[in-house]
Amino acid sequence: MNIFVVNSGSSSIKYQLFRWPARQPLCSGLVERIGYPNATITHKVFAAEAPRETRRTLALPDHEAGLREVVALLTDAEQGVLRDPGEVEVVGHRVVHGGETFAATTEINAEVKAEIRRLFALAPLHNPANLLGIEVAERIFPQARQVAVFDTAFHQTLPEPAFRYALPERLYTEDRVRVYGFHGTSHQYVARQAAAYLGRPEARLITLHLGNGCSAAAVHAGRCLDTSMGFGPLSGLVMGTRTGDLDPSVVLHLMGQLGYSTEQISNLVNKESGMLGLTGLSDMRDITKALEQGDARARLAYDLYAYRIRKYIGAYAAVLGGLDAVVFTAGVGENDALVRQKACQGLAFLGLELDEAENQQRRPGLREISRAGSRVKVLVVPTNEELEIAGQCAELLAT
Ligand SMILES: Nc1ncnc2c1ncn2[C@@H]1O[C@H](COP(=O)(O)OP(=O)(O)O)[C@@H](O)[C@H]1O
Ligand SMILES: CC(=O)OP(=O)(O)O
Ligand SMILES: [Mg+2]
């Protein structure tokens, strides 16, 4: 069967088409700047003889227009990988917030959509775009079964002391204010890969998803015990444009003394902070270049970014009561050797020793970058949220 995976963001759509059960990716792509006259579609076809990539710039007024262009590419008479959109049997959607309702992958119906809509208030940047992606996919693939895979689901195993805030109880019982955690699909995928590599299903792992959004998770025997994002995807590690941990006194000061509105604060902490706020740049590749040119702000930002990771490694080693491996993943985690080096510095007391030469290597796939004698392994594990989503869809529909 063909499973089409959609990760719909506010102005972008990431997608991948798989042939199942072969787990074979047929094509993948990214639609960016939806809503602008210069939107782009980057579309990759994984043909065995010669993989090819096409890139088009065009005006895309909305998500529906974007997804219709993608379908045109999928079914293109010469370049396409399908004859007809009807050949897609399952559409798997990344949905960022599943609240407490969805602890597992779920087939989408009217009730599920209503609940995703009720959760808009908890994930205003993500869930509206996710629901839009679902509604558009239902129109374009009316014959397909639609399935939601939630970023929050993997974190539903957090024990209560880890998921509750020290706030009056009614804020939890009536308003559902608690830690939800995000990037669960990625943490689950890399944790499973790492445990399989180590040959230890019961392994104690710290997984570090370092992309645009960044989060850490403490995973023991495949169950998540703690994670650094909370009620929303803002707390914890320093990110491309988000603050990570921030004392709420700062927000009170901004509102009370400096006259910030709620919207201004939301923009500040979500879009103008993190590495962007510290350096004026949000893409780690650009920050690396600035660092190489001796930029002091870039050095501080790198140090702060890595320091926060190191702090979470220490905390989660305590949460786990021991540690078998630290796993780096996502755009920065998989590619940025300097971040990994700085984040692992000074952790020999935990039994964690990086092999600097291995760390600098650029091999694809899962790789071990700790010293031969290091008691705690350090692994780079490429994430694949789309493959994990497709797998969870197939598993759900097989039962
Ligand atoms: N070769 C690289 N070296 C350093 N950082 C990289 C590299 N490639 C990608 N990145 C960084 O990865 C981040 C994006 O990661 P990604 O996992 O794609 O995020 P998202 O899925 O949240 O968009 C960007 O900050 C980008 O700079
Ligand atoms: C939940 C979240 O932060 O996702 P992303 O990193 O894709 O923005
Ligand atoms: Mg991501």
# chains A, B, ... in the order shown; residues from 1 in each chain; ligands from 1
$ residues_near_ligand --ligand "ligand 3" --cutoff "12 Å" --atoms "only C-alpha atoms and all ligand atoms" --output "PyMOL selection string"
chain A and resi 7-9+12-14+94+96+126+151+182-187+209-215+233+239-240+329-333+383-386
$ write_last_selection --atoms "N, CA and C atoms" --output "short mmCIF file (atom, residue, chain, number, x, y, z; two decimals), in the first residue's frame"
data_model
loop_
_atom_site.label_atom_id
_atom_site.label_comp_id
_atom_site.auth_asym_id
_atom_site.auth_seq_id
_atom_site.Cartn_x
_atom_site.Cartn_y
_atom_site.Cartn_z
N ASN A 7 3.36 16.68 7.07
CA ASN A 7 3.70 17.47 8.25
C ASN A 7 3.41 18.91 7.87
N SER A 8 2.21 19.35 8.23
CA SER A 8 1.74 20.66 7.78
C SER A 8 2.04 21.72 8.84
N GLY A 9 2.82 22.74 8.46
CA GLY A 9 3.15 23.84 9.37
C GLY A 9 2.38 25.09 8.97
N SER A 12 4.28 26.06 5.73
CA SER A 12 5.03 25.05 4.98
C SER A 12 4.32 23.70 5.08
N ILE A 13 4.65 22.83 4.13
CA ILE A 13 4.19 21.44 4.20
C ILE A 13 5.39 20.56 3.88
N LYS A 14 5.71 19.63 4.79
CA LYS A 14 6.70 18.60 4.48
C LYS A 14 5.94 17.32 4.18
N ARG A 94 1.25 14.49 10.90
CA ARG A 94 1.84 14.90 12.17
C ARG A 94 0.91 15.93 12.79
N VAL A 96 0.75 18.22 16.22
CA VAL A 96 1.69 18.56 17.29
C VAL A 96 1.06 18.32 18.67
N HIS A 126 0.83 25.59 15.92
CA HIS A 126 0.94 24.32 15.21
C HIS A 126 -0.39 23.67 14.86
N ASP A 151 2.66 14.51 18.35
CA ASP A 151 3.97 14.80 18.95
C ASP A 151 3.98 14.54 20.45
N PHE A 182 6.92 17.61 23.41
CA PHE A 182 6.75 17.59 21.95
C PHE A 182 7.90 16.82 21.29
N HIS A 183 7.89 16.78 19.96
CA HIS A 183 8.87 16.01 19.18
C HIS A 183 8.86 14.54 19.57
N GLY A 184 7.73 14.06 20.12
CA GLY A 184 7.69 12.69 20.64
C GLY A 184 7.98 11.65 19.58
N THR A 185 7.50 11.89 18.37
CA THR A 185 7.70 10.92 17.29
C THR A 185 9.20 10.75 17.02
N SER A 186 9.92 11.86 17.06
CA SER A 186 11.36 11.81 16.81
C SER A 186 12.09 11.14 17.98
N HIS A 187 11.75 11.55 19.22
CA HIS A 187 12.41 10.92 20.38
C HIS A 187 12.17 9.41 20.38
N HIS A 209 16.83 16.18 20.56
CA HIS A 209 16.34 16.59 19.24
C HIS A 209 16.70 18.06 19.07
N LEU A 210 17.70 18.33 18.22
CA LEU A 210 18.19 19.70 18.03
C LEU A 210 17.95 20.12 16.59
N GLY A 211 16.77 20.70 16.34
CA GLY A 211 16.45 21.20 15.00
C GLY A 211 16.19 22.69 15.11
N ASN A 212 15.17 23.19 14.45
CA ASN A 212 14.75 24.57 14.71
C ASN A 212 14.19 24.64 16.12
N GLY A 213 13.23 23.74 16.41
CA GLY A 213 12.80 23.52 17.79
C GLY A 213 13.74 22.49 18.40
N CYS A 214 14.03 22.62 19.70
CA CYS A 214 14.96 21.68 20.35
C CYS A 214 14.33 21.14 21.62
N SER A 215 14.50 19.83 21.86
CA SER A 215 14.05 19.29 23.14
C SER A 215 14.86 18.07 23.51
N PRO A 233 5.65 24.33 23.20
CA PRO A 233 7.00 24.00 22.75
C PRO A 233 8.01 25.13 22.95
N MET A 239 16.66 27.42 21.41
CA MET A 239 16.30 26.99 20.05
C MET A 239 16.68 28.06 19.03
N GLY A 240 16.33 27.80 17.76
CA GLY A 240 16.66 28.76 16.70
C GLY A 240 16.10 30.15 17.00
N THR A 329 20.24 14.12 17.58
CA THR A 329 19.50 13.99 16.33
C THR A 329 18.95 15.32 15.84
N ALA A 330 18.37 15.32 14.64
CA ALA A 330 17.79 16.48 13.92
C ALA A 330 18.89 17.37 13.34
N GLY A 331 18.49 18.39 12.59
CA GLY A 331 19.41 19.19 11.77
C GLY A 331 20.71 19.55 12.46
N VAL A 332 20.64 20.11 13.65
CA VAL A 332 21.85 20.53 14.36
C VAL A 332 22.53 19.31 15.00
N GLY A 333 21.75 18.49 15.67
CA GLY A 333 22.32 17.34 16.38
C GLY A 333 23.05 16.38 15.45
N THR A 383 17.17 11.25 12.55
CA THR A 383 15.75 11.04 12.82
C THR A 383 15.00 10.86 11.51
N ASN A 384 13.82 10.28 11.59
CA ASN A 384 12.98 10.17 10.40
C ASN A 384 11.53 10.13 10.89
N GLU A 385 11.01 11.32 11.17
CA GLU A 385 9.67 11.41 11.74
C GLU A 385 8.64 10.86 10.75
N GLU A 386 8.87 11.08 9.46
CA GLU A 386 7.90 10.63 8.45
C GLU A 386 7.82 9.10 8.42
#
$ residues_around --residues "A:Ala144" --least-positions-apart "4" --cutoff "9 Å" --atoms "only C-alpha atoms" --output "VMD selection string"
chain A and resid 86 to 91 137 to 138
$ write_last_selection --atoms "C-alpha atoms" --output "PDB file, in the first residue's frame"
ATOM      1  CA  GLY A  86      -6.554   7.268  -5.683  1.00  0.00           C
ATOM      2  CA  GLU A  87      -3.458   5.050  -5.269  1.00  0.00           C
ATOM      3  CA  VAL A  88      -2.780   6.670  -1.879  1.00  0.00           C
ATOM      4  CA  GLU A  89      -4.496   4.420   0.637  1.00  0.00           C
ATOM      5  CA  VAL A  90      -3.411   6.077   3.875  1.00  0.00           C
ATOM      6  CA  VAL A  91      -2.519   9.656   4.749  1.00  0.00           C
ATOM      7  CA  ALA A 137      -5.949  15.971   2.424  1.00  0.00           C
ATOM      8  CA  GLU A 138      -9.504  14.704   2.968  1.00  0.00           C
TER       9      GLU A 138
END
$ residues_around --residues "A:Val95" --least-positions-apart "6" --cutoff "10 Å" --atoms "only C-alpha atoms" --output "count of residues only"
21
$ select_by_dssp --residues "stretch 193-372 of chain A" --states "alpha helix (DSSP H)" --output "ChimeraX atom specification"
/A:193-198,248-256,262-271,274-279,284-292,296-320,330-335,337-344,356-360
$ residues_around --residues "A:Ala394" --least-positions-apart "6" --cutoff "10 Å" --atoms "only C-alpha atoms" --output "PDB file with N, CA and C atoms, in the first residue's frame"
ATOM      1  N   MET A   1       0.842  -1.195   0.000  1.00  0.00           N
ATOM      2  CA  MET A   1       0.000   0.000   0.000  1.00  0.00           C
ATOM      3  C   MET A   1       0.879   1.247   0.000  1.00  0.00           C
ATOM      4  N   ILE A   3       1.532   4.948   1.575  1.00  0.00           N
ATOM      5  CA  ILE A   3       1.222   5.814   2.720  1.00  0.00           C
ATOM      6  C   ILE A   3       1.861   7.176   2.463  1.00  0.00           C
ATOM      7  N   TRP A  20       4.470   0.503   1.377  1.00  0.00           N
ATOM      8  CA  TRP A  20       4.466  -0.320   2.588  1.00  0.00           C
ATOM      9  C   TRP A  20       3.957  -1.705   2.263  1.00  0.00           C
ATOM     10  N   PRO A  21       4.440  -2.767   2.851  1.00  0.00           N
ATOM     11  CA  PRO A  21       5.350  -2.869   3.995  1.00  0.00           C
ATOM     12  C   PRO A  21       6.838  -2.821   3.644  1.00  0.00           C
ATOM     13  N   VAL A  90      -3.442   5.538   2.519  1.00  0.00           N
ATOM     14  CA  VAL A  90      -3.411   6.077   3.875  1.00  0.00           C
ATOM     15  C   VAL A  90      -2.683   7.415   3.853  1.00  0.00           C
ATOM     16  N   GLY A  92      -0.966   9.863   6.604  1.00  0.00           N
ATOM     17  CA  GLY A  92      -0.573  10.016   8.011  1.00  0.00           C
ATOM     18  C   GLY A  92      -0.215  11.463   8.266  1.00  0.00           C
ATOM     19  N   VAL A 147      -4.955   9.380   9.225  1.00  0.00           N
ATOM     20  CA  VAL A 147      -4.505   8.983  10.563  1.00  0.00           C
ATOM     21  C   VAL A 147      -3.692  10.120  11.177  1.00  0.00           C
ATOM     22  N   GLU A 388       8.597   7.082  10.871  1.00  0.00           N
ATOM     23  CA  GLU A 388       7.953   6.651  12.121  1.00  0.00           C
ATOM     24  C   GLU A 388       6.434   6.823  12.017  1.00  0.00           C
TER      25      GLU A 388
END
$ residues_around --residues "A:Leu67" --least-positions-apart "3" --cutoff "12 Å" --atoms "only C-alpha atoms" --output "count of residues only"
36
$ residues_around --residues "A:Pro25" --least-positions-apart "5" --cutoff "9 Å" --atoms "only C-alpha atoms" --output "VMD selection string"
chain A and resid 16 to 20 45 to 46 387
$ closest_residue --among "A:Arg52, A:Glu69, A:Val326, A:Ala298" --to "A:Leu198" --atoms "only C-alpha atoms"
A:Val326
$ closest_residue --among "A:Tyr197, A:Phe231, A:Tyr307, A:Phe328" --to "ligand 1" --atoms "only C-alpha atoms and all ligand atoms"
A:Phe328
$ select_by_dssp --residues "stretch 102-249 of chain A" --states "strand (DSSP E)" --output "PDB file with N, CA and C atoms, in the first residue's frame"
ATOM      1  N   THR A 106      -4.181   7.664  16.048  1.00  0.00           N
ATOM      2  CA  THR A 106      -5.644   7.581  16.001  1.00  0.00           C
ATOM      3  C   THR A 106      -6.140   7.804  14.580  1.00  0.00           C
ATOM      4  N   GLU A 107      -7.101   7.001  14.153  1.00  0.00           N
ATOM      5  CA  GLU A 107      -7.724   7.258  12.855  1.00  0.00           C
ATOM      6  C   GLU A 107      -8.621   8.487  12.985  1.00  0.00           C
ATOM      7  N   ARG A 145      -7.658   6.504   4.063  1.00  0.00           N
ATOM      8  CA  ARG A 145      -7.892   6.601   5.498  1.00  0.00           C
ATOM      9  C   ARG A 145      -6.907   7.624   6.049  1.00  0.00           C
ATOM     10  N   GLN A 146      -7.406   8.503   6.887  1.00  0.00           N
ATOM     11  CA  GLN A 146      -6.574   9.583   7.433  1.00  0.00           C
ATOM     12  C   GLN A 146      -6.244   9.243   8.889  1.00  0.00           C
ATOM     13  N   VAL A 147      -4.955   9.380   9.225  1.00  0.00           N
ATOM     14  CA  VAL A 147      -4.505   8.983  10.563  1.00  0.00           C
ATOM     15  C   VAL A 147      -3.692  10.120  11.177  1.00  0.00           C
ATOM     16  N   ALA A 148      -3.891  10.352  12.480  1.00  0.00           N
ATOM     17  CA  ALA A 148      -3.123  11.389  13.177  1.00  0.00           C
ATOM     18  C   ALA A 148      -2.093  10.746  14.094  1.00  0.00           C
ATOM     19  N   VAL A 149      -0.838  11.240  14.009  1.00  0.00           N
ATOM     20  CA  VAL A 149       0.221  10.810  14.919  1.00  0.00           C
ATOM     21  C   VAL A 149       0.652  12.064  15.691  1.00  0.00           C
ATOM     22  N   PHE A 150       0.540  11.980  17.008  1.00  0.00           N
ATOM     23  CA  PHE A 150       0.693  13.176  17.844  1.00  0.00           C
ATOM     24  C   PHE A 150       2.104  13.294  18.412  1.00  0.00           C
ATOM     25  N   ARG A 204      18.982   3.087  29.331  1.00  0.00           N
ATOM     26  CA  ARG A 204      18.669   4.424  29.851  1.00  0.00           C
ATOM     27  C   ARG A 204      19.284   5.433  28.886  1.00  0.00           C
ATOM     28  N   LEU A 205      18.435   6.224  28.247  1.00  0.00           N
ATOM     29  CA  LEU A 205      18.896   7.100  27.164  1.00  0.00           C
ATOM     30  C   LEU A 205      18.474   8.540  27.382  1.00  0.00           C
ATOM     31  N   ILE A 206      19.334   9.451  26.947  1.00  0.00           N
ATOM     32  CA  ILE A 206      18.915  10.846  26.824  1.00  0.00           C
ATOM     33  C   ILE A 206      18.927  11.168  25.335  1.00  0.00           C
ATOM     34  N   THR A 207      17.774  11.503  24.795  1.00  0.00           N
ATOM     35  CA  THR A 207      17.699  11.838  23.374  1.00  0.00           C
ATOM     36  C   THR A 207      17.592  13.354  23.243  1.00  0.00           C
ATOM     37  N   LEU A 208      18.396  13.900  22.332  1.00  0.00           N
ATOM     38  CA  LEU A 208      18.467  15.357  22.144  1.00  0.00           C
ATOM     39  C   LEU A 208      18.044  15.682  20.724  1.00  0.00           C
ATOM     40  N   HIS A 209      16.828  16.179  20.560  1.00  0.00           N
ATOM     41  CA  HIS A 209      16.337  16.590  19.244  1.00  0.00           C
ATOM     42  C   HIS A 209      16.703  18.059  19.070  1.00  0.00           C
ATOM     43  N   LEU A 210      17.702  18.332  18.223  1.00  0.00           N
ATOM     44  CA  LEU A 210      18.189  19.703  18.034  1.00  0.00           C
ATOM     45  C   LEU A 210      17.946  20.124  16.590  1.00  0.00           C
ATOM     46  N   CYS A 214      14.034  22.623  19.701  1.00  0.00           N
ATOM     47  CA  CYS A 214      14.957  21.683  20.347  1.00  0.00           C
ATOM     48  C   CYS A 214      14.328  21.142  21.621  1.00  0.00           C
ATOM     49  N   SER A 215      14.504  19.827  21.864  1.00  0.00           N
ATOM     50  CA  SER A 215      14.049  19.293  23.138  1.00  0.00           C
ATOM     51  C   SER A 215      14.861  18.068  23.510  1.00  0.00           C
ATOM     52  N   ALA A 216      14.889  17.803  24.822  1.00  0.00           N
ATOM     53  CA  ALA A 216      15.574  16.635  25.368  1.00  0.00           C
ATOM     54  C   ALA A 216      14.534  15.705  25.961  1.00  0.00           C
ATOM     55  N   ALA A 217      14.823  14.398  25.961  1.00  0.00           N
ATOM     56  CA  ALA A 217      13.927  13.452  26.625  1.00  0.00           C
ATOM     57  C   ALA A 217      14.759  12.408  27.364  1.00  0.00           C
ATOM     58  N   ALA A 218      14.240  11.994  28.530  1.00  0.00           N
ATOM     59  CA  ALA A 218      14.858  10.917  29.314  1.00  0.00           C
ATOM     60  C   ALA A 218      14.022   9.668  29.075  1.00  0.00           C
ATOM     61  N   VAL A 219      14.652   8.630  28.505  1.00  0.00           N
ATOM     62  CA  VAL A 219      13.900   7.442  28.084  1.00  0.00           C
ATOM     63  C   VAL A 219      14.514   6.197  28.742  1.00  0.00           C
ATOM     64  N   HIS A 220      13.677   5.433  29.436  1.00  0.00           N
ATOM     65  CA  HIS A 220      14.142   4.199  30.069  1.00  0.00           C
ATOM     66  C   HIS A 220      13.289   3.042  29.568  1.00  0.00           C
ATOM     67  N   ARG A 223      10.295   3.881  27.515  1.00  0.00           N
ATOM     68  CA  ARG A 223       9.263   4.765  28.084  1.00  0.00           C
ATOM     69  C   ARG A 223       9.868   6.119  28.414  1.00  0.00           C
ATOM     70  N   CYS A 224       9.150   7.163  28.070  1.00  0.00           N
ATOM     71  CA  CYS A 224       9.653   8.501  28.339  1.00  0.00           C
ATOM     72  C   CYS A 224       9.356   8.888  29.787  1.00  0.00           C
ATOM     73  N   LEU A 225      10.392   9.342  30.534  1.00  0.00           N
ATOM     74  CA  LEU A 225      10.220   9.711  31.946  1.00  0.00           C
ATOM     75  C   LEU A 225      10.218  11.213  32.165  1.00  0.00           C
ATOM     76  N   ASP A 226      10.822  11.944  31.241  1.00  0.00           N
ATOM     77  CA  ASP A 226      10.788  13.405  31.370  1.00  0.00           C
ATOM     78  C   ASP A 226      11.179  14.011  30.031  1.00  0.00           C
ATOM     79  N   THR A 227      10.773  15.258  29.826  1.00  0.00           N
ATOM     80  CA  THR A 227      11.119  15.944  28.580  1.00  0.00           C
ATOM     81  C   THR A 227      11.140  17.443  28.835  1.00  0.00           C
TER      82      THR A 227
END
$ closest_residue --among "A:His97, A:Arg117, A:Arg285, A:Lys311" --to "ligand 2" --atoms "only C-alpha atoms and all ligand atoms"
A:His97
$ atom_distance --atom1 "atom CA of A:Leu352" --atom2 "atom CA of A:Glu202"
18.8 Å
$ atom_distance --atom1 "atom 13 (C, counted along the ligand's line) of ligand 1" --atom2 "atom CA of A:Met284"
6.3 Å
$ atom_distance --atom1 "atom 6 (C, counted along the ligand's line) of ligand 1" --atom2 "atom CA of A:Glu334"
7.7 Å
$ decode --residues "stretch 241-265 of chain A" --atoms "N, CA and C atoms" --output "mmCIF file, in the first residue's frame"
data_model
loop_
_atom_site.group_PDB
_atom_site.id
_atom_site.type_symbol
_atom_site.label_atom_id
_atom_site.label_comp_id
_atom_site.auth_asym_id
_atom_site.auth_seq_id
_atom_site.Cartn_x
_atom_site.Cartn_y
_atom_site.Cartn_z
ATOM 1 N N THR A 241 14.815 30.200 17.328
ATOM 2 C CA THR A 241 14.191 31.516 17.584
ATOM 3 C C THR A 241 13.397 31.543 18.902
ATOM 4 N N ARG A 242 13.423 30.436 19.656
ATOM 5 C CA ARG A 242 12.660 30.378 20.919
ATOM 6 C C ARG A 242 13.608 30.373 22.113
ATOM 7 N N THR A 243 13.100 30.908 23.229
ATOM 8 C CA THR A 243 13.957 31.130 24.400
ATOM 9 C C THR A 243 14.455 29.856 25.066
ATOM 10 N N GLY A 244 13.630 28.806 25.113
ATOM 11 C CA GLY A 244 13.889 27.745 26.083
ATOM 12 C C GLY A 244 13.542 28.275 27.469
ATOM 13 N N ASP A 245 14.085 27.635 28.522
ATOM 14 C CA ASP A 245 13.722 28.003 29.900
ATOM 15 C C ASP A 245 13.854 29.501 30.135
ATOM 16 N N LEU A 246 12.808 30.061 30.762
ATOM 17 C CA LEU A 246 12.786 31.499 31.032
ATOM 18 C C LEU A 246 11.952 31.705 32.287
ATOM 19 N N ASP A 247 12.507 32.431 33.237
ATOM 20 C CA ASP A 247 11.780 32.741 34.465
ATOM 21 C C ASP A 247 10.542 33.567 34.106
ATOM 22 N N PRO A 248 9.343 33.160 34.566
ATOM 23 C CA PRO A 248 8.140 33.957 34.246
ATOM 24 C C PRO A 248 8.212 35.389 34.760
ATOM 25 N N SER A 249 9.126 35.672 35.690
ATOM 26 C CA SER A 249 9.290 37.066 36.148
ATOM 27 C C SER A 249 9.642 37.969 34.978
ATOM 28 N N VAL A 250 10.362 37.431 34.022
ATOM 29 C CA VAL A 250 10.754 38.243 32.857
ATOM 30 C C VAL A 250 9.491 38.665 32.102
ATOM 31 N N VAL A 251 8.573 37.724 31.930
ATOM 32 C CA VAL A 251 7.325 38.026 31.216
ATOM 33 C C VAL A 251 6.517 39.057 32.002
ATOM 34 N N LEU A 252 6.470 38.888 33.325
ATOM 35 C CA LEU A 252 5.739 39.850 34.164
ATOM 36 C C LEU A 252 6.351 41.239 34.039
ATOM 37 N N HIS A 253 7.663 41.290 34.008
ATOM 38 C CA HIS A 253 8.370 42.567 33.873
ATOM 39 C C HIS A 253 8.063 43.211 32.520
ATOM 40 N N LEU A 254 8.093 42.400 31.469
ATOM 41 C CA LEU A 254 7.807 42.922 30.128
ATOM 42 C C LEU A 254 6.393 43.494 30.073
ATOM 43 N N MET A 255 5.454 42.778 30.680
ATOM 44 C CA MET A 255 4.058 43.234 30.629
ATOM 45 C C MET A 255 3.830 44.411 31.568
ATOM 46 N N GLY A 256 4.325 44.271 32.792
ATOM 47 C CA GLY A 256 4.010 45.266 33.828
ATOM 48 C C GLY A 256 4.811 46.549 33.692
ATOM 49 N N GLN A 257 6.100 46.420 33.380
ATOM 50 C CA GLN A 257 6.978 47.596 33.373
ATOM 51 C C GLN A 257 7.262 48.122 31.966
ATOM 52 N N LEU A 258 7.321 47.244 30.996
ATOM 53 C CA LEU A 258 7.756 47.692 29.666
ATOM 54 C C LEU A 258 6.616 47.763 28.654
ATOM 55 N N GLY A 259 5.391 47.464 29.100
ATOM 56 C CA GLY A 259 4.218 47.686 28.261
ATOM 57 C C GLY A 259 4.025 46.719 27.106
ATOM 58 N N TYR A 260 4.605 45.517 27.188
ATOM 59 C CA TYR A 260 4.414 44.544 26.112
ATOM 60 C C TYR A 260 2.986 43.984 26.142
ATOM 61 N N SER A 261 2.409 43.788 24.974
ATOM 62 C CA SER A 261 1.111 43.114 24.884
ATOM 63 C C SER A 261 1.356 41.598 24.817
ATOM 64 N N THR A 262 0.283 40.826 24.969
ATOM 65 C CA THR A 262 0.409 39.366 24.893
ATOM 66 C C THR A 262 0.995 38.962 23.545
ATOM 67 N N GLU A 263 0.514 39.596 22.495
ATOM 68 C CA GLU A 263 0.984 39.241 21.166
ATOM 69 C C GLU A 263 2.475 39.573 20.991
ATOM 70 N N GLN A 264 2.875 40.718 21.531
ATOM 71 C CA GLN A 264 4.304 41.089 21.429
ATOM 72 C C GLN A 264 5.178 40.099 22.191
ATOM 73 N N ILE A 265 4.686 39.658 23.340
ATOM 74 C CA ILE A 265 5.463 38.683 24.112
ATOM 75 C C ILE A 265 5.534 37.362 23.359
#
